[in-house]
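Q: The structure that follows is given in the form of structure tokens.
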Amino acid sequence: MTFDEIRRQALSEWEVLQHSNKPRILVGTATCGRAAGAMAVLEAIDRELSHRNIDAIVMQIGCIGLCYAEPLVDIIKPGRPRICYSGVTPEIIPQLIEDYIINDNPRPDLALGTIGEDGVDGITRLFELPMLRPQVRVALRNCGHIDPEDIKQYIASGGYSGLVKALAMSPEEVIEEVKKSGLRGRGGAGFPTGQKWEFCRRSPGTEKYLICNADEGDPGAFMDRSLLEGDPHAVLEGMLIGAYAIGATQGYIYCRAEYPLAIERLQIALKQMEDYGLLGDNILASDFSFQIEIKEGAGAFVCGEETALIASIEGKRGMPRSRPPFPAISGLWGKPTNINNVETWGNVSAILQTGGEWYSSFGTETSRGTKTFALAGKVVRTGLIEVPMGMPLSEVIFDIGGGIVGGKRFKAALTGGPSGGCLPASMLDLPVDYESLTQAGSIMGSGGMVVVDEDTCMVDMARFFLSFTQIESCGKCIPCRVGTRQMLNILERITQGEGKSGDIECLERLAQLVKSTALCGLGQTAPNPVLTTIRYFRDEYEEHIKKHYCRAAVCKELVKSPCQNTCPARIDVPRYIRLIADGKYDEALAVVREKVPFPAVLGYVCLHFCEAKCRRGQLDEPLAIRVLKRFAAEHDTGLWKQNSKLAPPTGKKVAIVGSGPAGLTAAYYLAKLGHEVTVFEALPVVGGMMRVGIPEYRLPREALDREIEEIKAVGVEIKTDSKVESLDELSKQGYNAIFVSIGAHRGINLGMEGETNAGMVDGVDFLREINLGRKLGIGDRVVVVGGGNVAIDASRTALRLGAREVTIAYRRTRAEMPASAEEIDEALREGVKILHLAVPNRVTRVNSKLKVEFMRMELGKVDESGRRRPVPVKGSEFTGEYDMMIKAIGERAEVPDRYMLSVGRGGRIEVDPDTLATSREGVYAGGDVVTGPASVIEAIAGGRQAAISIDRYLGGNGDIDEQLAPPEEVTPFDIEEIEGEKYRPAVNMSSLDERLKGFAQVELGFDEAKAIEEAKRCLRCDLEEH
Amino acid sequence: MDEITLTINGRQIKAKRGMTVYEAAKEAEIYIPTLCHHPYLAPYGACRLCIVEIEKVRGFPISCTTPATDGMVVNTNTSQIQELRWGILELILTEHPNSCLTCNREERCQPFDICLRSVAITERCVVCPKNGRCELQKVADYIGLEEVTLPYAYKELPVERRDPLFDRDYNLCILCGRCVRICQDVRGVGAISFVQRGSQTIVGTAFNRPLRDSGCKFCGACAEVCPTGAIMDRGVEPAEREAKLVPCRSACPAGIDVPRYIRLIKEERFAEAVAVVREKVPFPATLGYICLHFCEEKCRRGELNEPIAIRALKRFAAEHDTGLWKQRSKFAPATGKRVAIIGSGPAGLTGAYYLTKLGHSVTVFEALPVAGGMMRVGIPEYRLPRQVLDAEVDEIKRIGVDIRLNTKVEPLDKLLEQGYDAVLLAVGAHRGVKLPVPGADLDGVLIGTSVLRDVNLGKKIRIGKNVVVLGDGNIAFDCARTALRLGATDVHIVCQQPRNAMLATPDEIKGGEEEGIIIHPLHTFTKIVSQDRHITGVECLDVRSFELDSLGELHVDTIPGSEHILPADTVIFAVGQEPDLKLIEGVGDIKTTGRRYLDVDSATLATGKEGVFAAGDAVTGASSVIEAIAAGRQAAISIDTYLGGSGEIDETLVDPEKADPYLGREEGFADKPRAPMSCLPVGQRLSSFAEVELGFDEAEAVGEAKRCLQCDLRFEIPPSPFPPQKRQEVKAEDAGQAGEKEKVST
């Protein structure tokens, strides 16, 4: 048979199949599908069909790339479009077959999308899905569409026409065509493919070899496997074309033995090629002869390096050798050899089929065409994708990948596997092409892309990848074998809390040494993860080394439990939760008191970062840590006072400017250390934002008062209505040290037209006035601008003051709102309306009303915060009428010039981040004035650090930690008690009617039974054996 | 010659096309440090120390694999290179003991000194067997690292001592791969390889089996190329390397190049093999039959299983002599000098042979009617067929040596008067001794040497049926076995030593016992008992212990009351011989050692009398043929020198050639047994003096030769060049240039 005859036959068979009057069922049974249970689904289909006596065609196909949705089953009924069902289970099959095949109900609820020109109501088109729409599938063109074990389906899809074309050309012309395409090696190094072929073609010698590198070894990468499993002929055709161009007579596919399905399908494909005269002597009756042999590799990562791969085929230990000579001159058995990876070959066949020019129309100037990526890690939609070169990283991760799982923050993307680098949020705009990635310190690699979120420790990540390369080093050259080991030693020390100053520099030095002097690509790139994490996440390294702190709560030796690790004041959460469970409420409170002087306040208002990291959250729901803290505070008996110590007077005087949480915390600890402390407060009341920012319905004033009394009880003198104009004044009064903690009480302007109109007020000013007991006239309709907790507090306060309609205008969507979710929920419940994607543009005052013109916004690219940036929609203006506008888009600090302190962005005082020392000797600063508007707990942590630093400055040892609770005897517990899904008990809340009458407490906390029940849900991570 | 020009460190140098940058630099005597490169091995590129900077080339290519090209501009020592080399060296030293390398006391410290820095024993260089000769140490000194800041961790690998010949301490290994490459690529053996991966990588055998079970051929190439002390020849001090490492050659008194002729036999080039033997001795065949083969005792193969059958192989070669050696045998023109040699034993004839070839006119005076000395009248014919000896004596006569039989020279004065320019006394030690025990003077008490001489001269002697031979050496066995052949039915050998201390060679003991001789070790004899002056037996005592102390004094502790009598009608003393020194009576100046042996200068063999030399058993007491030959050689050298010649007697009869470095794998090599020598069946032996040992056939000989470890092969490996004594210097101007090329490839 001539090829034309073969093709005609294949096409007519394909046509028959397409117009078959039987239903066709396609099951994705590549390795990814099988791992998700596709084979059981396939069995269920067969069983059900025979059970119901349905005559249908069942086909196994490769992976279409939607790995997150596996197992995938496509059903094509005659005359209907193909419908793709995702997450199919064997249990669902009988129903699906009954509903769709028998009863013609396409079950849109189970369907993912349709394929084909016609649509089905209620089902989107598959290639319109956000994951597929941006993709351009060249190498993966047939994956998921044809039966990979049937060469005729490949031929019917245009297969081997590229070879036919090539055979009609001269080898030089074929090389020219590939050069025209701009294709570069997809294995990672990106060497121009046509040029590489030319070297080999021109290399003297009649015996030449061609190798397909299928030794895919990056953790998290599966591009080659999917392509070989889904469309082996695309790769094999590419190899034939390459062999013809180069003049090779023997080819090898070096595939790792861990890919049994890929090998099996390759073997089937080779057999079919032989049957059709596409392999062996005189291929398609031409002078061209070529053989292909499969070599199974034992899974050494280094065998992906071409010289090591060649050594492995030769039967030697897989060790690279120095180049020159390059394989194009002296490769396998010393003969000229050309190696390209699976994806490159898959592209070659497409280029010859469709044309080099066509291929070069995709991608960027220097990186032409498309690239497949194995998108893995913490993205919503994992899978195998193929996109044009140059697509921004953010599009790959957020549009195709659907962003980060669980609404967490994007932290880094790792491209190029263990040889690549970690790219931070600031690089999200980076176009994915060879040059840009290299510039950023990473590499393209073969296409692994692992996305990690805030729960990943970058030091640990570097350690992990280095431990991989270190183990996979062949051991030949010293820089790689010993250098990576030494680097790993340092990283291990750092992650174990034994880092030393100088470690980072030593890592950098070793990394450069290894990069510059290692023999092969493995060694030369092994330091990349370390170098990029140092480059982009140096602060995490420093935290590990200096503070023995792992912010992601990953490094076990540094982390007692994720909740305790996350608490800025390091409150020993699991311990007090356990004491609550045991009914020892006063001991529980004492545990909280060991770190903070405001347990009750925190019990009411803490932003509870701990809960976000609670491991129970991965199971069902995080512990209600804040509410439990409140419960403990409500049941305090004062036990903690028995062990609270007061040092003898030191004779030193400390002035504290500002009586917010930072100032009072510092005052408390410094007084306990024996210093004479005076707090100067500008307002007539004590407590800072705790008093004048947080509304009373959230924080009862008596709770705050009680805790301030305890602070006074240790000898702190608080002077209200005492604004400090100059620090020199304090020095003159004999204060040995000063702590500036004046907070951030000044609202930020919107910068729009009409901002100075009457009826416009700042959120912080508004709340302060109310909290100081002043009366404020409030209209019927109030609009609050902003999305943070201040905006929510202001809106709920406005409701309580009698506003009939309160609207929050926010420029992004609910998902991006910085306010805590429970606050937003309560506001909505109380009747606050939220206007999303809206920004006031202009305000005019008409007839004592505020006429506000808004702009509609839409979400654009992701910014550094990992959130999508709001972009105004042209011509989307609309207006609203209000009596009052409260601006709550943020606050800034206002530091008097006469303090003579170095002030930076947002009016914040610049301090040494470790000691909080300012530019002036003996003067320290903390709280919102340093951090910008933050939380009470962060301010308390700042106050603690200030107390430590000031005590040391005054000659003390800075030891403020206390043992207030009696030593704990941990009783063994029954693990089964905490196993199984179990949710939080509902927190008691006041009724809506009760609430809106005034400023009565909204949240009523737990009763004893609920508190114990909740405390028992704790997983006791701190008891885990390390 | 295709020549190129390149610039290295600002110097224009010429190199051959195809050379690497490293080789070009070496040719120009520019040293580039390296640890993995070795001139005998293909470039490898593992240690990375030989990095250089090349203009217009990215990064830091290694010089050992980079081809030198015309017009290339290379810098080997910029500050950047220095920095990187320090870094690499530091990494090497985190895996290798290094404390001494950066210690200012390094030169002065001894292994037994207390370390003032309290450095752990596993971190010290001074305790390393390779200290002072370690390539790593020299390279480290040259690169000049001031301090190792990264932590050193002792690998704690067990030191491998279970193999013969080598100790392997991979705690000292830097994985340069030289041993692996020479074993795999050059020798084709592949007994060792890299095992494990990453920092766990070590050199080892498959499944950590002993070397002998992993195909090792014990050629020693790995130890030869190891730059550290990781693979060491056990018990070999540097000063005696060659002697200890090729012990067969050094153990041979005549210095025969054993490995070379064994290799020729292996290659089935038998005539050339015998020519190699001929380069040192004129009696290859004789030695092939009866040499005491000190070589075999020292053969390194013996530490694996059994030594090579060197003597038998020599005999095989001699049997396949085609006379090829004669083509290259040289004769000097006549010198006109005359030399008299007294005695035609191996020493005398060897001296005669070489002196004749040197152009002197040599006359040998032999008292007996036959030539050959003890070879003829001492060694029985069943051990050394007469035609073999005759042929070799004839060869000596053929070149012009005049042998006068039945010519006893006595006294020496008369001969000296005849105007010989030099005289060699090689009269041997033919006078056997009896011990003064009661009954020693009885009839029927014989002396071993006399028995053997008489038999060999064809005289009839009277031997009874029950023979007791007193003695433990080869002569005792020769007597005993001869007695059997003369009709004795019960032959006993009595000696004081335990069996394992007997002087006779194991072959002889075995042969004797096969033929029915009963050995009584640990027996001392107190008297010969008789009745009517007819011997009836030998009274013996059991010996409890027998030892030679460190001064050579014999201590024999007998068990009182253990007297018993071995019946005998004939007793033969084979307890030692002395030379007959009557001929020097009255000749002044020639001294003796305590009246027994001739006293000579040990180096020149000159006696006290000018022009008179002495060699062989007359000097040494009864010893071996090969020692006598060696003495004859020395006498020839000394006499020729005395007569104004150069004393050069060594010959090259076969052109030395490079051996094939490829050995190949052979399963079971280490356990391959020594080829057994086929012998005349015992039943056929005693009726005549027919040859007992029958020699090897070709297959046996070649097979046996293939067992040879080729210990000499490693000496064809050239040494790795050591760095210059002085530290490397960095040129400041290079540093600037380097800065511009900082970009590093990834």
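Naming works like this for the structure tokens: A, B, ... for the chains as they're shown, residue 1 at the start of each chain, ligands 1 onward in shown order.
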Only residues of chain A matter here; which ones have an atom within 8 Å of chain B, counting only C-alpha atoms? Give them as an MDAnalysis selection string.

A: chainID A and resid 321:324 469:479 481:483 485:486 510 513 515:519 521 524:525

Q: Restrict the selected residues to N, CA, C and O atoms and save them as a CSV table (one decimal), in the first residue's frame.

A:
```csv
chain,number,residue,atom,x,y,z
A,321,ARG,N,30.0,13.6,30.9
A,321,ARG,CA,31.4,13.9,30.6
A,321,ARG,C,31.5,15.3,30.1
A,321,ARG,O,30.5,15.9,29.7
A,322,SER,N,32.7,15.8,30.2
A,322,SER,CA,32.9,17.2,29.7
A,322,SER,C,32.8,17.3,28.3
A,322,SER,O,33.1,16.4,27.5
A,323,ARG,N,32.2,18.4,27.9
A,323,ARG,CA,32.1,18.7,26.4
A,323,ARG,C,33.0,19.9,26.2
A,323,ARG,O,33.1,20.8,27.1
A,324,PRO,N,33.7,20.1,25.1
A,324,PRO,CA,33.7,19.2,23.9
A,324,PRO,C,34.4,17.9,24.2
A,324,PRO,O,35.2,17.9,25.1
A,469,THR,N,18.7,17.3,44.3
A,469,THR,CA,19.8,17.3,43.4
A,469,THR,C,21.1,16.7,44.0
A,469,THR,O,21.9,16.1,43.4
A,470,GLN,N,21.2,16.9,45.3
A,470,GLN,CA,22.3,16.3,46.0
A,470,GLN,C,22.3,14.8,45.9
A,470,GLN,O,23.4,14.2,45.7
A,471,ILE,N,21.2,14.2,46.1
A,471,ILE,CA,21.1,12.8,46.0
A,471,ILE,C,21.3,12.3,44.6
A,471,ILE,O,21.9,11.3,44.3
A,472,GLU,N,20.7,13.1,43.7
A,472,GLU,CA,20.8,12.7,42.3
A,472,GLU,C,22.1,13.1,41.6
A,472,GLU,O,22.3,12.7,40.4
A,473,SER,N,22.9,13.8,42.3
A,473,SER,CA,24.3,14.1,41.7
A,473,SER,C,24.9,12.7,41.4
A,473,SER,O,24.9,11.8,42.2
A,474,CYS,N,25.6,12.7,40.2
A,474,CYS,CA,26.3,11.4,39.9
A,474,CYS,C,27.5,11.2,40.7
A,474,CYS,O,28.0,10.1,40.8
A,475,GLY,N,28.0,12.2,41.4
A,475,GLY,CA,29.1,12.1,42.3
A,475,GLY,C,30.5,12.3,41.6
A,475,GLY,O,31.5,12.1,42.2
A,476,LYS,N,30.4,12.6,40.3
A,476,LYS,CA,31.7,12.7,39.6
A,476,LYS,C,32.5,13.9,39.9
A,476,LYS,O,33.6,13.9,40.4
A,477,CYS,N,31.9,15.1,39.7
A,477,CYS,CA,32.7,16.3,39.9
A,477,CYS,C,32.5,16.8,41.3
A,477,CYS,O,31.4,16.7,41.9
A,478,ILE,N,33.6,17.4,41.8
A,478,ILE,CA,33.6,17.8,43.2
A,478,ILE,C,32.6,18.9,43.5
A,478,ILE,O,31.9,18.9,44.5
A,479,PRO,N,32.5,20.0,42.6
A,479,PRO,CA,31.6,21.0,43.0
A,479,PRO,C,30.2,20.5,43.2
A,479,PRO,O,29.5,20.9,44.2
A,481,ARG,N,29.1,17.3,43.7
A,481,ARG,CA,29.0,16.2,44.7
A,481,ARG,C,29.2,16.8,46.2
A,481,ARG,O,28.3,16.6,47.0
A,482,VAL,N,30.2,17.6,46.3
A,482,VAL,CA,30.5,18.1,47.7
A,482,VAL,C,29.9,19.4,47.9
A,482,VAL,O,29.4,19.7,49.0
A,483,GLY,N,29.9,20.2,46.9
A,483,GLY,CA,29.3,21.6,47.1
A,483,GLY,C,27.8,21.5,47.4
A,483,GLY,O,27.4,22.2,48.4
A,485,ARG,N,26.3,19.1,48.8
A,485,ARG,CA,26.2,18.5,50.1
A,485,ARG,C,26.5,19.6,51.2
A,485,ARG,O,25.7,19.7,52.2
A,486,GLN,N,27.5,20.4,51.0
A,486,GLN,CA,27.8,21.4,52.0
A,486,GLN,C,26.7,22.5,52.1
A,486,GLN,O,26.3,22.9,53.1
A,510,LEU,N,29.1,29.4,47.9
A,510,LEU,CA,29.1,28.0,47.4
A,510,LEU,C,28.3,27.9,46.1
A,510,LEU,O,28.7,27.2,45.2
A,513,LEU,N,30.2,29.1,43.3
A,513,LEU,CA,31.3,28.1,43.0
A,513,LEU,C,30.7,26.9,42.2
A,513,LEU,O,31.3,26.5,41.2
A,515,LYS,N,27.9,26.7,40.5
A,515,LYS,CA,27.4,27.1,39.2
A,515,LYS,C,28.5,27.3,38.2
A,515,LYS,O,28.4,26.9,37.0
A,516,SER,N,29.6,27.9,38.7
A,516,SER,CA,30.7,28.2,37.7
A,516,SER,C,31.6,27.0,37.4
A,516,SER,O,32.2,27.0,36.4
A,517,THR,N,31.6,26.0,38.3
A,517,THR,CA,32.7,25.0,38.1
A,517,THR,C,32.1,23.6,37.9
A,517,THR,O,32.9,22.7,37.6
A,518,ALA,N,30.8,23.4,38.1
A,518,ALA,CA,30.3,22.0,38.0
A,518,ALA,C,30.4,21.5,36.6
A,518,ALA,O,30.4,22.3,35.6
A,519,LEU,N,30.5,20.2,36.4
A,519,LEU,CA,30.7,19.6,35.1
A,519,LEU,C,29.5,19.8,34.2
A,519,LEU,O,29.6,20.2,33.0
A,521,GLY,N,25.0,20.2,33.5
A,521,GLY,CA,23.9,21.0,33.7
A,521,GLY,C,23.3,20.8,35.1
A,521,GLY,O,22.8,21.7,35.7
A,524,GLN,N,25.4,22.7,37.5
A,524,GLN,CA,25.5,24.1,37.2
A,524,GLN,C,24.1,24.8,37.6
A,524,GLN,O,24.1,26.0,37.8
A,525,THR,N,23.1,24.0,37.6
A,525,THR,CA,21.8,24.6,37.9
A,525,THR,C,21.3,24.3,39.3
A,525,THR,O,20.3,24.9,39.8
```

Q: Taking the DSSP secondary structure from the backbone, can you list the residues of range 181-320 of chain B that are strand (DSSP E or B), as number ranges by chain?

A: B: 193-195, 202-204, 231-233

Q: Between A:Leu423, A:Ala350, A:Met39, A:Met59, which residue has the minimum interatomic distance to Glu177 in chain A, considering only C-alpha atoms?

A: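 Using only C-alpha atoms, Glu177 in chain A sits closest to A:Ala350.
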
Q: List every residue of range 704-851 of chain A that DSSP, applied to the backbone of this structure, assigns to alpha helix (DSSP H), and report them as a PyMOL selection string.

A: chain A and resi 704-713+727-732+763-771+789-800+821-830

Q: Would you kindly return, as a list in words, each protein, DNA or RNA residue with an atom no farther than 9 Å from any atom of Val136 in chain A, considering only C-alpha atoms and excluding same-chain residues fewer than 6 positions away?

A: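 Returned residues: Phe362, Thr370, Lys371, Ile385, Glu386, Val387 and Pro388 of chain A.
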
Q: Generate a file of the selected residues that holds N, CA, C and O atoms, formatted as a short mmCIF file (atom, residue, chain, number, x, y, z; two decimals), in the first residue's frame.

A:
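The new file again34.cif reads:
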```
data_model
loop_
_atom_site.label_atom_id
_atom_site.label_comp_id
_atom_site.auth_asym_id
_atom_site.auth_seq_id
_atom_site.Cartn_x
_atom_site.Cartn_y
_atom_site.Cartn_z
N PHE A 362 3.53 31.79 16.67
CA PHE A 362 3.25 31.79 18.10
C PHE A 362 4.51 32.21 18.85
O PHE A 362 5.62 32.04 18.38
N THR A 370 5.06 27.20 21.10
CA THR A 370 4.33 26.96 22.34
C THR A 370 5.19 26.12 23.27
O THR A 370 6.20 25.56 22.87
N LYS A 371 4.74 26.06 24.50
CA LYS A 371 5.46 25.26 25.50
C LYS A 371 4.45 24.55 26.39
O LYS A 371 3.48 25.18 26.82
N ILE A 385 -0.72 21.67 30.39
CA ILE A 385 -1.20 22.75 29.53
C ILE A 385 -0.16 23.06 28.47
O ILE A 385 1.01 22.68 28.58
N GLU A 386 -0.60 23.72 27.43
CA GLU A 386 0.34 24.17 26.40
C GLU A 386 -0.05 25.58 26.01
O GLU A 386 -1.19 25.84 25.63
N VAL A 387 0.89 26.48 26.16
CA VAL A 387 0.57 27.90 25.92
C VAL A 387 1.62 28.51 25.01
O VAL A 387 2.74 28.00 24.91
N PRO A 388 1.25 29.61 24.35
CA PRO A 388 2.26 30.27 23.53
C PRO A 388 3.37 30.82 24.43
O PRO A 388 3.10 31.28 25.53
#
```

Q: Closest to Ile329 in chain A among A:Glu858, A:Glu357, A:Glu305, A:Glu207, using only C-alpha atoms?

A: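 Result for the nearest residue to Ile329 in chain A: A:Glu207.
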
Q: Report, in Å to a single decimal, how far apart CA of Ala939 in chain A and CA of Val987 in chain A are.

A: 26.5 Å

Q: As a list in words, please: the residues near range 669-686 of chain A (cut-off 6 Å, only C-alpha atoms, same-chain neighbours under 4 positions excluded).

A: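 Result of the neighbour search: Leu646, Ala647, Pro648, Pro649, Thr650, Lys652, Lys653, Val654, Ala655, Ile656, Val657, Gly658, Ser659, Val716, Glu717, Ile718, Lys719, Thr720, Asp721, Ser722, Lys723 and Ala947 of chain A.
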
Q: Write out, as a tab-separated table (two decimals), in the first residue's frame, the residues just selected, with N, CA, C and O atoms.

A:
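Below is the file result-v2.tsv, written as the result:
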```tsv
chain	number	residue	atom	x	y	z
A	646	LEU	N	7.60	40.89	90.18
A	646	LEU	CA	8.00	42.28	90.02
A	646	LEU	C	9.46	42.40	90.44
A	646	LEU	O	9.82	42.01	91.54
A	647	ALA	N	10.28	42.97	89.57
A	647	ALA	CA	11.69	43.12	89.91
A	647	ALA	C	11.87	44.34	90.80
A	647	ALA	O	11.06	45.27	90.77
A	648	PRO	N	12.92	44.35	91.61
A	648	PRO	CA	13.17	45.55	92.43
A	648	PRO	C	13.47	46.76	91.54
A	648	PRO	O	13.92	46.59	90.41
A	649	PRO	N	13.22	47.95	92.06
A	649	PRO	CA	13.42	49.15	91.22
A	649	PRO	C	14.84	49.26	90.72
A	649	PRO	O	15.79	48.95	91.44
A	650	THR	N	14.93	49.69	89.47
A	650	THR	CA	16.26	49.86	88.88
A	650	THR	C	16.72	51.30	88.94
A	650	THR	O	17.87	51.61	88.69
A	652	LYS	N	15.75	53.45	86.88
A	652	LYS	CA	15.71	54.02	85.53
A	652	LYS	C	14.28	54.47	85.21
A	652	LYS	O	13.32	53.85	85.65
A	653	LYS	N	14.22	55.54	84.41
A	653	LYS	CA	12.90	56.08	84.04
A	653	LYS	C	12.65	55.90	82.55
A	653	LYS	O	13.53	56.17	81.73
A	654	VAL	N	11.44	55.45	82.25
A	654	VAL	CA	11.08	55.27	80.84
A	654	VAL	C	9.81	56.05	80.55
A	654	VAL	O	8.85	55.99	81.32
A	655	ALA	N	9.85	56.78	79.42
A	655	ALA	CA	8.65	57.49	78.97
A	655	ALA	C	8.05	56.75	77.80
A	655	ALA	O	8.78	56.34	76.89
A	656	ILE	N	6.72	56.62	77.85
A	656	ILE	CA	6.06	55.95	76.73
A	656	ILE	C	5.03	56.92	76.16
A	656	ILE	O	4.19	57.47	76.90
A	657	VAL	N	5.13	57.14	74.87
A	657	VAL	CA	4.26	58.11	74.23
A	657	VAL	C	3.16	57.35	73.50
A	657	VAL	O	3.41	56.70	72.50
A	658	GLY	N	1.94	57.43	74.04
A	658	GLY	CA	0.81	56.73	73.42
A	658	GLY	C	0.40	55.55	74.29
A	658	GLY	O	1.25	54.75	74.69
A	659	SER	N	-0.88	55.44	74.56
A	659	SER	CA	-1.35	54.39	75.48
A	659	SER	C	-2.15	53.32	74.76
A	659	SER	O	-3.06	52.73	75.32
A	716	VAL	N	2.54	51.43	86.67
A	716	VAL	CA	2.63	52.31	85.51
A	716	VAL	C	1.80	53.56	85.76
A	716	VAL	O	0.64	53.48	86.16
A	717	GLU	N	2.43	54.71	85.52
A	717	GLU	CA	1.70	55.95	85.67
A	717	GLU	C	1.23	56.41	84.30
A	717	GLU	O	2.01	56.45	83.35
A	718	ILE	N	-0.07	56.69	84.15
A	718	ILE	CA	-0.60	57.09	82.85
A	718	ILE	C	-1.10	58.53	82.94
A	718	ILE	O	-1.95	58.85	83.78
A	719	LYS	N	-0.54	59.40	82.10
A	719	LYS	CA	-0.99	60.79	82.08
A	719	LYS	C	-1.81	61.03	80.83
A	719	LYS	O	-1.26	60.98	79.71
A	720	THR	N	-3.12	61.25	80.98
A	720	THR	CA	-3.96	61.52	79.83
A	720	THR	C	-3.91	63.00	79.50
A	720	THR	O	-3.36	63.81	80.26
A	721	ASP	N	-4.49	63.33	78.34
A	721	ASP	CA	-4.47	64.72	77.87
A	721	ASP	C	-3.07	65.30	77.89
A	721	ASP	O	-2.86	66.47	78.16
A	722	SER	N	-2.10	64.46	77.67
A	722	SER	CA	-0.72	64.93	77.72
A	722	SER	C	-0.03	64.65	76.41
A	722	SER	O	0.60	63.61	76.21
A	723	LYS	N	-0.20	65.55	75.51
A	723	LYS	CA	0.43	65.36	74.22
A	723	LYS	C	1.91	65.69	74.31
A	723	LYS	O	2.29	66.72	74.88
A	947	ALA	N	9.84	46.45	75.01
A	947	ALA	CA	10.21	46.25	76.41
A	947	ALA	C	11.54	45.51	76.52
A	947	ALA	O	12.41	45.86	77.32
```

Q: Show me, as an MDAnalysis selection string, the residues that have an atom within 10 Å of range 883-885 of chain A when counting only C-alpha atoms, minus same-chain residues fewer than 5 positions from it.

A: chainID A and resid 755 757:763 777:785 798 803 806:808 843 845 847:852

Q: Provide the CA of Val27 in chain A to CA of Ala234 in chain A distance in Å, to one decimal place.

A: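 According to the coordinates, CA of Val27 in chain A and CA of Ala234 in chain A are separated by 20.4 Å.
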
Q: Compile the contact shell of range 12-24 of chain A as JSON, numbers by chain: residues with an atom at most 7 Å away, counting only C-alpha atoms, same-chain residues fewer than 5 positions apart removed.

A: {"A": [55, 56, 57, 58, 75, 76, 77, 78, 153, 156]}
